[in-house]
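my_file_17.cif (mmCIF, C-alpha atoms)
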data_protein
#
loop_
_atom_site.label_atom_id
_atom_site.label_comp_id
_atom_site.auth_asym_id
_atom_site.auth_seq_id
_atom_site.Cartn_x
_atom_site.Cartn_y
_atom_site.Cartn_z
CA MET A 98 15.76 6.44 -22.72
CA ALA A 99 17.55 9.63 -23.84
CA PHE A 100 17.04 11.41 -20.50
CA LEU A 101 18.77 8.75 -18.43
CA GLU A 102 21.56 8.23 -20.98
CA LYS A 103 22.34 11.94 -20.91
CA LEU A 104 22.27 12.06 -17.11
CA LYS A 105 24.62 9.09 -16.84
CA GLU A 106 27.22 10.98 -18.87
CA PHE A 107 27.37 14.00 -16.55
CA ASP A 108 30.38 13.95 -14.24
CA ILE A 109 28.58 15.20 -11.12
CA PRO A 110 28.23 13.95 -7.53
CA THR A 111 26.33 10.65 -7.28
CA CYS A 112 23.65 11.99 -4.91
CA LEU A 113 22.91 14.85 -7.30
CA ARG A 114 22.67 12.46 -10.24
CA VAL A 115 20.25 10.36 -8.20
CA CYS A 116 18.00 13.30 -7.25
CA ALA A 117 17.92 14.51 -10.84
CA GLY A 118 17.15 11.04 -12.15
CA THR A 119 14.55 9.67 -9.79
CA ASP A 120 11.00 9.04 -10.96
CA GLY A 121 9.93 9.20 -7.32
CA SER A 122 9.76 11.95 -4.71
CA VAL A 123 12.79 14.27 -4.59
CA THR A 124 11.90 15.43 -1.06
CA PHE A 125 12.01 11.87 0.27
CA LEU A 126 15.41 11.28 -1.33
CA LEU A 127 16.79 14.52 0.11
CA GLU A 128 15.53 13.55 3.53
CA ILE A 129 17.11 10.09 3.28
CA MET A 130 20.41 11.35 1.86
CA THR A 131 20.95 14.13 4.36
CA ARG A 132 19.22 12.39 7.30
CA ASN A 133 17.82 15.81 8.00
CA ASP A 134 14.33 17.31 7.84
CA VAL A 135 13.47 18.89 4.52
CA SER A 136 11.63 22.20 4.44
CA VAL A 137 9.84 23.88 1.57
CA ILE A 138 10.31 27.64 1.34
CA THR A 139 7.62 29.11 -0.92
CA GLU A 140 8.89 32.09 -2.92
CA ASN A 141 5.82 32.59 -4.94
CA GLN A 142 2.42 30.97 -5.33
CA HIS A 143 -0.53 32.30 -7.28
CA VAL A 144 -3.21 31.38 -9.77
CA VAL A 145 -3.08 32.76 -13.31
CA LYS A 146 -5.08 32.36 -16.51
CA ALA A 147 -3.14 30.13 -18.90
CA ASP A 148 -1.52 32.00 -21.79
CA ASN A 149 -1.09 30.19 -25.11
CA GLU A 150 2.31 28.72 -24.22
CA MET A 151 1.19 27.41 -20.84
CA ALA A 152 -1.98 26.02 -22.35
CA SER A 153 0.07 24.18 -24.94
CA VAL A 154 2.53 22.73 -22.39
CA LEU A 155 -0.26 21.61 -20.07
CA GLY A 156 -2.74 20.55 -22.73
CA VAL A 157 -5.51 22.82 -21.40
CA ASN A 158 -7.54 25.60 -22.98
CA PRO A 159 -6.15 29.15 -22.88
CA ASP A 160 -7.55 31.15 -19.93
CA GLU A 161 -7.95 28.08 -17.73
CA ASP A 162 -6.85 28.56 -14.11
CA VAL A 163 -3.32 27.35 -13.46
CA ASN A 164 -1.49 27.32 -10.14
CA LEU A 165 2.10 28.56 -10.35
CA ARG A 166 4.42 27.77 -7.49
CA THR A 167 8.12 28.45 -6.98
CA VAL A 168 9.85 26.91 -4.00
CA THR A 169 13.26 26.14 -2.55
CA LEU A 170 13.88 22.77 -0.91
CA MET A 171 16.24 22.91 2.04
CA ALA A 172 17.61 20.10 4.18
CA GLY A 173 18.67 21.54 7.51
CA ASP A 174 19.95 25.00 6.54
CA VAL A 175 21.35 24.03 3.14
CA GLU A 176 19.58 24.84 -0.14
CA TYR A 177 19.44 21.90 -2.55
CA VAL A 178 16.69 22.40 -5.11
CA HIS A 179 14.87 25.29 -6.76
CA ALA A 180 11.55 24.20 -8.30
CA THR A 181 8.85 25.85 -10.38
CA SER A 182 5.58 24.07 -11.08
CA MET A 183 2.45 24.68 -13.16
CA SER A 184 -0.75 22.81 -12.29
CA PRO A 185 -4.19 23.21 -13.89
CA LEU A 186 -6.70 23.61 -11.04
CA SER A 187 -9.34 21.60 -12.91
CA ARG A 188 -7.18 18.46 -12.80
CA MET A 189 -6.50 18.42 -9.10
CA PRO A 190 -8.31 15.80 -7.04
CA PRO A 191 -10.48 17.26 -4.25
CA GLY A 192 -8.43 18.54 -1.33
CA MET A 193 -5.17 18.70 -3.22
CA GLN A 194 -5.78 22.27 -4.38
CA GLN A 195 -5.99 23.56 -0.80
CA ASP A 196 -2.78 21.77 0.20
CA LEU A 197 -0.90 23.06 -2.80
CA MET A 198 -2.05 26.65 -2.37
CA ARG A 199 -2.09 26.88 1.38
CA ALA A 200 1.18 25.86 2.79
CA ASP A 201 4.75 24.77 2.46
CA ILE A 202 4.02 21.10 1.87
CA PRO A 203 6.25 19.24 -0.60
CA ILE A 204 4.59 17.79 -3.70
CA GLY A 205 5.58 14.23 -2.76
CA LYS A 206 3.78 14.55 0.56
CA ILE A 207 0.71 16.15 -1.01
CA LEU A 208 0.38 13.27 -3.50
CA ARG A 209 0.92 10.72 -0.73
CA ASN A 210 -1.53 12.37 1.70
CA HIS A 211 -4.24 12.20 -0.92
CA GLY A 212 -3.29 8.69 -2.10
CA ILE A 213 -2.89 9.92 -5.67
CA GLU A 214 -1.58 7.41 -8.24
CA THR A 215 0.79 8.96 -10.76
CA ARG A 216 3.47 8.43 -13.34
CA ARG A 217 6.43 10.80 -13.79
CA ASP A 218 7.46 11.43 -17.39
CA PHE A 219 10.90 12.93 -17.97
CA GLU A 220 11.34 15.64 -20.58
CA THR A 221 14.67 17.50 -20.64
CA ILE A 222 17.90 17.64 -18.68
CA ARG A 223 20.80 20.08 -19.10
CA LEU A 224 23.93 21.38 -17.44
CA ASP A 225 24.63 25.14 -17.62
CA ASN A 226 27.58 27.27 -16.64
CA GLY A 227 27.47 30.92 -15.64
CA GLU A 228 24.04 31.09 -13.99
CA ASP A 229 23.91 31.63 -10.26
CA LEU A 230 21.93 29.34 -7.99
CA PHE A 231 22.42 29.28 -4.23
CA GLY A 232 25.93 30.70 -4.65
CA CYS A 233 26.93 28.17 -7.30
CA HIS A 234 27.68 28.92 -10.96
CA LYS A 235 27.13 25.47 -12.39
CA VAL A 236 23.47 24.46 -12.56
CA LEU A 237 21.78 21.17 -13.51
CA SER A 238 18.13 21.49 -14.49
CA ARG A 239 15.45 19.08 -15.58
CA THR A 240 11.81 19.23 -16.59
CA TYR A 241 9.23 16.49 -16.14
CA ARG A 242 5.50 15.91 -15.80
CA ILE A 243 3.47 14.24 -13.10
CA MET A 244 0.71 12.38 -14.96
CA HIS A 245 -2.63 11.46 -13.40
CA HIS A 246 -5.58 9.87 -15.18
CA GLY A 247 -3.64 10.23 -18.43
CA TYR A 248 -3.29 14.03 -18.16
CA THR A 249 -0.59 16.40 -16.91
CA LEU A 250 -1.40 17.10 -13.27
CA MET A 251 1.80 19.08 -12.87
CA TRP A 252 4.66 20.29 -15.05
CA ILE A 253 7.83 20.83 -13.05
CA LYS A 254 11.21 22.44 -13.63
CA GLU A 255 13.86 21.71 -11.00
CA SER A 256 17.31 23.30 -10.78
CA PHE A 257 20.18 21.94 -8.70
CA PRO A 258 23.48 23.64 -7.83
CA VAL A 259 26.39 21.43 -8.94
CA ASP A 260 28.92 21.51 -6.12
CA GLU A 261 30.26 19.66 -3.11
CA ARG A 262 27.10 20.09 -1.03
CA TRP A 263 25.96 16.86 -2.73
CA ASN A 264 28.84 14.83 -1.31
CA LEU A 265 26.55 13.14 1.20
CA MET B 254 6.31 8.33 8.55
CA ALA B 255 7.70 5.44 10.64
CA PHE B 256 9.38 3.76 7.66
CA LEU B 257 11.49 6.77 6.71
CA GLU B 258 12.33 7.62 10.33
CA LYS B 259 13.61 4.11 10.88
CA LEU B 260 15.64 4.15 7.66
CA LYS B 261 17.23 7.48 8.56
CA GLU B 262 18.59 5.96 11.77
CA PHE B 263 20.47 3.12 10.05
CA ASP B 264 24.20 3.77 9.73
CA ILE B 265 24.60 2.39 6.20
CA PRO B 266 26.06 3.74 2.93
CA THR B 267 24.07 6.69 1.53
CA CYS B 268 23.37 5.06 -1.84
CA LEU B 269 21.94 2.00 -0.10
CA ARG B 270 19.76 4.17 2.13
CA VAL B 271 18.51 5.93 -1.01
CA CYS B 272 17.66 2.70 -2.87
CA ALA B 273 15.85 1.32 0.16
CA GLY B 274 13.92 4.56 0.67
CA THR B 275 12.84 5.57 -2.79
CA ASP B 276 9.19 5.53 -3.77
CA GLY B 277 10.29 5.40 -7.40
CA SER B 278 12.01 2.79 -9.53
CA VAL B 279 14.97 1.01 -7.88
CA THR B 280 16.31 -0.09 -11.26
CA PHE B 281 16.55 3.51 -12.48
CA LEU B 282 18.40 4.55 -9.33
CA LEU B 283 20.86 1.67 -9.64
CA GLU B 284 21.50 2.58 -13.24
CA ILE B 285 22.10 6.22 -12.34
CA MET B 286 24.26 5.47 -9.30
CA THR B 287 26.51 2.94 -10.97
CA ARG B 288 26.39 4.51 -14.47
CA ASN B 289 26.16 0.94 -15.64
CA ASP B 290 23.46 -1.13 -17.33
CA VAL B 291 21.20 -2.98 -14.93
CA SER B 292 20.21 -6.54 -15.68
CA VAL B 293 17.45 -8.64 -14.16
CA ILE B 294 18.32 -12.28 -13.54
CA THR B 295 15.13 -14.28 -13.02
CA GLU B 296 15.59 -17.10 -10.51
CA ASN B 297 12.04 -18.20 -10.44
CA GLN B 298 8.75 -17.19 -12.03
CA HIS B 299 5.51 -19.10 -11.94
CA VAL B 300 1.78 -18.75 -11.35
CA VAL B 301 0.21 -20.27 -8.23
CA LYS B 302 -3.24 -20.36 -6.64
CA ALA B 303 -3.29 -17.96 -3.68
CA ASP B 304 -3.23 -19.67 -0.29
CA ASN B 305 -4.94 -17.98 2.65
CA GLU B 306 -1.92 -15.92 3.66
CA MET B 307 -1.22 -14.63 0.14
CA ALA B 308 -4.90 -13.88 -0.36
CA SER B 309 -4.91 -11.85 2.84
CA VAL B 310 -1.74 -9.90 1.96
CA LEU B 311 -2.96 -9.14 -1.56
CA GLY B 312 -6.63 -8.64 -0.72
CA VAL B 313 -7.81 -11.26 -3.21
CA ASN B 314 -9.89 -14.42 -2.85
CA PRO B 315 -8.10 -17.68 -2.01
CA ASP B 316 -7.32 -19.72 -5.16
CA GLU B 317 -6.99 -16.66 -7.37
CA ASP B 318 -4.04 -16.79 -9.79
CA VAL B 319 -0.97 -14.98 -8.49
CA ASN B 320 2.33 -14.49 -10.29
CA LEU B 321 5.38 -15.12 -8.10
CA ARG B 322 8.71 -13.81 -9.30
CA THR B 323 12.15 -13.85 -7.68
CA VAL B 324 14.95 -11.90 -9.33
CA THR B 325 18.41 -10.51 -8.74
CA LEU B 326 19.24 -7.00 -9.95
CA MET B 327 22.82 -6.61 -11.16
CA ALA B 328 24.64 -3.51 -12.35
CA GLY B 329 27.54 -4.58 -14.50
CA ASP B 330 28.68 -7.82 -12.84
CA VAL B 331 27.81 -6.80 -9.25
CA GLU B 332 24.72 -8.06 -7.42
CA TYR B 333 22.81 -5.31 -5.61
CA VAL B 334 19.23 -6.38 -4.93
CA HIS B 335 17.31 -9.60 -4.39
CA ALA B 336 13.56 -9.14 -4.94
CA THR B 337 10.49 -11.33 -4.58
CA SER B 338 7.12 -10.15 -5.84
CA MET B 339 3.51 -11.38 -5.75
CA SER B 340 1.03 -10.03 -8.30
CA PRO B 341 -2.61 -11.07 -8.80
CA LEU B 342 -3.06 -11.74 -12.53
CA SER B 343 -6.57 -10.29 -12.49
CA ARG B 344 -5.27 -6.83 -11.56
CA MET B 345 -2.71 -6.50 -14.32
CA PRO B 346 -3.51 -4.13 -17.16
CA PRO B 347 -3.56 -5.80 -20.59
CA GLY B 348 -0.07 -6.55 -21.89
CA MET B 349 1.62 -6.26 -18.51
CA GLN B 350 1.07 -9.92 -17.70
CA GLN B 351 3.03 -11.05 -20.75
CA ASP B 352 5.93 -8.71 -19.94
CA LEU B 353 6.08 -9.83 -16.34
CA MET B 354 5.94 -13.52 -17.16
CA ARG B 355 7.97 -13.57 -20.32
CA ALA B 356 11.28 -11.97 -19.78
CA ASP B 357 13.89 -10.33 -17.65
CA ILE B 358 12.34 -6.86 -17.71
CA PRO B 359 12.55 -4.78 -14.52
CA ILE B 360 9.25 -3.78 -12.88
CA GLY B 361 9.98 -0.06 -13.33
CA LYS B 362 10.34 -0.51 -17.07
CA ILE B 363 7.23 -2.67 -17.33
CA LEU B 364 5.14 -0.02 -15.56
CA ARG B 365 6.66 2.73 -17.72
CA ASN B 366 6.23 0.81 -21.00
CA HIS B 367 2.54 0.41 -20.27
CA GLY B 368 2.10 3.97 -18.93
CA ILE B 369 0.71 2.64 -15.65
CA GLU B 370 0.00 5.21 -12.90
CA THR B 371 0.84 3.95 -9.43
CA ARG B 372 1.58 4.78 -5.83
CA ARG B 373 4.16 2.92 -3.75
CA ASP B 374 3.16 2.29 -0.14
CA PHE B 375 5.93 1.36 2.28
CA GLU B 376 5.34 -1.36 4.84
CA THR B 377 8.35 -2.65 6.80
CA ILE B 378 12.11 -2.15 6.89
CA ARG B 379 14.68 -4.09 8.93
CA LEU B 380 18.37 -4.78 9.30
CA ASP B 381 19.47 -8.36 10.03
CA ASN B 382 22.79 -9.93 10.89
CA GLY B 383 23.84 -13.49 10.17
CA GLU B 384 21.94 -14.14 6.93
CA ASP B 385 23.95 -14.53 3.77
CA LEU B 386 23.14 -12.48 0.68
CA PHE B 387 25.58 -12.15 -2.22
CA GLY B 388 28.48 -12.99 0.09
CA CYS B 389 27.46 -10.45 2.75
CA HIS B 390 26.22 -11.27 6.27
CA LYS B 391 24.41 -8.02 7.00
CA VAL B 392 21.14 -7.63 5.10
CA LEU B 393 18.69 -4.73 4.82
CA SER B 394 15.21 -5.70 3.68
CA ARG B 395 11.99 -3.83 3.03
CA THR B 396 8.47 -4.63 1.92
CA TYR B 397 6.13 -2.35 0.02
CA ARG B 398 3.15 -2.36 -2.31
CA ILE B 399 2.66 -0.93 -5.76
CA MET B 400 -0.93 0.36 -5.78
CA HIS B 401 -2.99 0.79 -8.94
CA HIS B 402 -6.66 1.79 -9.13
CA GLY B 403 -6.75 1.59 -5.34
CA TYR B 404 -5.69 -2.09 -5.17
CA THR B 405 -2.39 -3.91 -4.65
CA LEU B 406 -0.98 -4.54 -8.11
CA MET B 407 2.20 -5.96 -6.63
CA TRP B 408 3.60 -6.78 -3.20
CA ILE B 409 7.38 -6.70 -3.13
CA LYS B 410 10.12 -7.73 -0.74
CA GLU B 411 13.59 -6.45 -1.55
CA SER B 412 16.82 -7.42 0.22
CA PHE B 413 20.09 -5.52 -0.04
CA PRO B 414 23.57 -6.60 1.11
CA VAL B 415 25.01 -4.00 3.49
CA ASP B 416 28.65 -3.52 2.49
CA GLU B 417 31.07 -1.32 0.59
CA ARG B 418 29.65 -2.19 -2.82
CA TRP B 419 27.26 0.76 -2.17
CA ASN B 420 30.07 3.31 -1.93
CA LEU B 421 29.26 4.68 -5.35
#
Show me this structure written as structure tokens.
Amino acid sequence: MAFLEKLKEFDIPTCLRVCAGTDGSVTFLLEIMTRNDVSVITENQHVVKADNEMASVLGVNPDEDVNLRTVTLMAGDVEYVHATSMSPLSRMPPGMQQDLMRADIPIGKILRNHGIETRRDFETIRLDNGEDLFGCHKVLSRTYRIMHHGYTLMWIKESFPVDERWNL
Amino acid sequence: MAFLEKLKEFDIPTCLRVCAGTDGSVTFLLEIMTRNDVSVITENQHVVKADNEMASVLGVNPDEDVNLRTVTLMAGDVEYVHATSMSPLSRMPPGMQQDLMRADIPIGKILRNHGIETRRDFETIRLDNGEDLFGCHKVLSRTYRIMHHGYTLMWIKESFPVDERWNL
């Protein structure tokens, strides 16, 4: 798989490579790695009508309702992950919509609380210099989809600062 | 969740804690951690009629066909995981049965190749002294289920040697 091959080539801390390469919950991994509680700080959360680009990425009709959410994942008082997600409201199982819109609950826990069966499909991964994320100028980012009933339940972009905070 | 709380308390190498705590593919994580190819060595694979205990664990009728598989996961030439699985044949999506029974393909890749949506439910985790696994006398083991369409597609027990091979 191209995604994993590319990731294996990056010379970055092992725990970062693991978080960026898992097909499971990133929050769980952070919690296990740091042995600390993970908190979700919501920067932004609102519902928009899909424009043409969003509709194409998500495979929905333009003007459908889509939940946009941008959060930071912290373990203890350290920032580890910046994540943006797009989720068509029509595809969310009952109850999930409220959890996603209401509070600072991580995606992994929302899926687990509702017993939702999924598959995570990797898309892209890249390493950039010069951006700033949590005081770091080297940033690893990846995009992937959480699939449910054969459709995209959620499209996610995660960015990780590449520095010694991952030496866990 | 009791499982994760317990795991967080164990004083073991971080990469081992991560492999034992992921709700995603262990093979992928091993590949990413070691930056090496992972191979599956099948020790044993055969179909049996479920006895009462297996039927109860899997939620099937006694005498139903169940695939038993015992494998070792290696990265490069190092042994990392010993895994035993039980899977009712009747619950496998078409094509999966052949992959599981035929060859040394890791579970994560089988699920991915067939686009199967799942949820992994943790059961138990424990640390034992005195057993021998891959030349190590301290062994971490966990059990969990891979759920599909609301039923147990696979019950898995994984054992990990607790030593410096996890300092990755």
Tell me which protein, DNA and RNA residues are within 12 Å of B:Pro266, counting all atoms listed in the file, leaving out same-chain ones fewer than 2 positions away, and put them as a PyMOL selection string.
(chain A and resi 112+129-132+265) or (chain B and resi 260-264+268-273+393+413-421)
Chain and number of each residue from the PyMOL selection byres ((chain A and resi 171) around 10), as number ranges by chain:
A: 124, 127-128, 133-138, 168-170, 172-179
Mind giving me the straight-line distance from atom CA of A:Leu155 to atom CA of A:Asn141 in Å, one decimal?
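Pair atom CA of A:Leu155 / atom CA of A:Asn141 returns 19.7 Å.
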Return as a tab-separated table the residues of stretch 259-348 of chain B lying at most 10 Å from stretch 401-404 of chain B, together with the closest atom-to-atom pair for each and the distance in Å to one decimal, counting only C-alpha atoms, with rows in chain order and ascending residue number.
residue	atom	partner	partner_atom	distance
B:Leu311	CA	B:Tyr404	CA	8.4
B:Gly312	CA	B:Tyr404	CA	8.0
B:Val313	CA	B:Tyr404	CA	9.6
B:Arg344	CA	B:Tyr404	CA	8.0
B:Met345	CA	B:His401	CA	9.1
B:Pro346	CA	B:His401	CA	9.6
Between A:Asn164, A:Ser122, A:Ser256, A:Asn226, which residue has the minimum interatomic distance to chain B, considering all atoms listed in the file?
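That would be A:Ser122, the residue with the smallest distance to chain B.
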Around (-1.5, -3.0, -23.5) in the file's frame, which residues reach within 9 Å when counting all atoms listed in the file? Return as a list of chain:residue names?
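These residues have at least one counted atom within 9 Å: B:Pro346, B:Pro347, B:Gly348, B:Met349, B:Asn366, B:His367.
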Written selection (C-alpha atoms) as a PDB file, in the coordinates of the input:
ATOM      1  CA  PRO B 346      -3.510  -4.130 -17.160  1.00  0.00           C
ATOM      2  CA  PRO B 347      -3.560  -5.800 -20.590  1.00  0.00           C
ATOM      3  CA  GLY B 348      -0.070  -6.550 -21.890  1.00  0.00           C
ATOM      4  CA  MET B 349       1.620  -6.260 -18.510  1.00  0.00           C
ATOM      5  CA  ASN B 366       6.230   0.810 -21.000  1.00  0.00           C
ATOM      6  CA  HIS B 367       2.540   0.410 -20.270  1.00  0.00           C
TER       7      HIS B 367
END
Mind giving me the straight-line distance from atom CA of B:Glu317 to atom CA of A:Thr215 in Å, one decimal?
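Distance between the two atoms: 27.0 Å.
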Within 8 Å of (-3.2, 30.9, -23.0) (coordinates as in the file), grab all the protein and nucleic acid residues, counting only C-alpha atoms, and write them out as a list in words.
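Looking at atoms near the point gives Lys146, Ala147, Asp148, Asn149, Glu150, Met151, Ala152, Ser153, Asn158, Pro159, Asp160 and Glu161 of chain A.
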Could you please determine the separation between atom CA of B:Ser394 and atom CA of A:Gly205 in Å, to one decimal place?
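About the pair atom CA of B:Ser394 and atom CA of A:Gly205: they are 23.1 Å apart.
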Between A:Arg223, A:Lys235, A:Arg216, A:Arg199, which one has atoms that come closest to chain B, using all atoms listed in the file?
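Once distances to chain B are computed over all atoms listed in the file, the minimum belongs to A:Arg216.
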Name all residues at most 12 Å from B:Met254 (count only C-alpha atoms; drop same-chain ones fewer than 2 positions away) and give them as an mmCIF file with C-alpha atoms, in the coordinates of the input.
data_model
loop_
_atom_site.group_PDB
_atom_site.id
_atom_site.type_symbol
_atom_site.label_atom_id
_atom_site.label_comp_id
_atom_site.auth_asym_id
_atom_site.auth_seq_id
_atom_site.Cartn_x
_atom_site.Cartn_y
_atom_site.Cartn_z
ATOM 1 C CA PHE A 125 12.010 11.870 0.270
ATOM 2 C CA GLU A 128 15.530 13.550 3.530
ATOM 3 C CA LYS A 206 3.780 14.550 0.560
ATOM 4 C CA ARG A 209 0.920 10.720 -0.730
ATOM 5 C CA ASN A 210 -1.530 12.370 1.700
ATOM 6 C CA PHE B 256 9.380 3.760 7.660
ATOM 7 C CA LEU B 257 11.490 6.770 6.710
ATOM 8 C CA GLU B 258 12.330 7.620 10.330
ATOM 9 C CA LYS B 259 13.610 4.110 10.880
ATOM 10 C CA LEU B 260 15.640 4.150 7.660
ATOM 11 C CA LYS B 261 17.230 7.480 8.560
ATOM 12 C CA GLY B 274 13.920 4.560 0.670
ATOM 13 C CA ASP B 374 3.160 2.290 -0.140
ATOM 14 C CA PHE B 375 5.930 1.360 2.280
ATOM 15 C CA GLU B 376 5.340 -1.360 4.840
ATOM 16 C CA THR B 377 8.350 -2.650 6.800
#
Distance criterion (only C-alpha atoms): nearest to chain B out of A:Leu224, A:Met251, A:Val123, A:Leu165
A:Val123
Result set of the PyMOL selection byres ((chain A and resi 252) around 9) on the coordinates above, as number ranges by chain:
A: 154-155, 181-184, 240-244, 249-251, 253-254
Using only C-alpha atoms: which of A:Gln142, A:Gly232, A:Asp225, A:Glu255 has the shortest distance to A:Met198:
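Selected residue with least distance to A:Met198: A:Gln142.
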A:His234, A:Ile222, A:Leu186, A:Gly212 ranked by distance to chain B, top pick (using only C-alpha atoms):
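Of A:His234, A:Ile222, A:Leu186, A:Gly212, the one nearest chain B is A:Gly212, counting only C-alpha atoms.
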List the neighbours of B:Thr295 out to 10 Å using only C-alpha atoms; skip same-chain residues closer than 4 positions along the sequence, and give me the result as a list of chain:residue names.
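These residues fall inside the cut-off: B:Arg322, B:Thr323, B:Val324, B:Thr325, B:Leu326, B:Ala336, B:Ala356, B:Asp357, B:Ile358, B:Pro359.
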Between A:Leu230, A:Ile204, A:Ile109, A:Ile213, which residue has the minimum interatomic distance to chain B, considering all atoms listed in the file?
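Counting all atoms listed in the file, the residue closest to chain B is A:Ile213.
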Once 4 Å is added on each side, what centre and edge lengths in Å to one decimal does the axis-aligned box around all listed atoms of stretch 317-321 of chain B have, as lines of an AutoDock Vina configuration file?
center_x = -0.8
center_y = -15.6
center_z = -8.8
size_x = 20.4
size_y = 10.3
size_z = 10.9
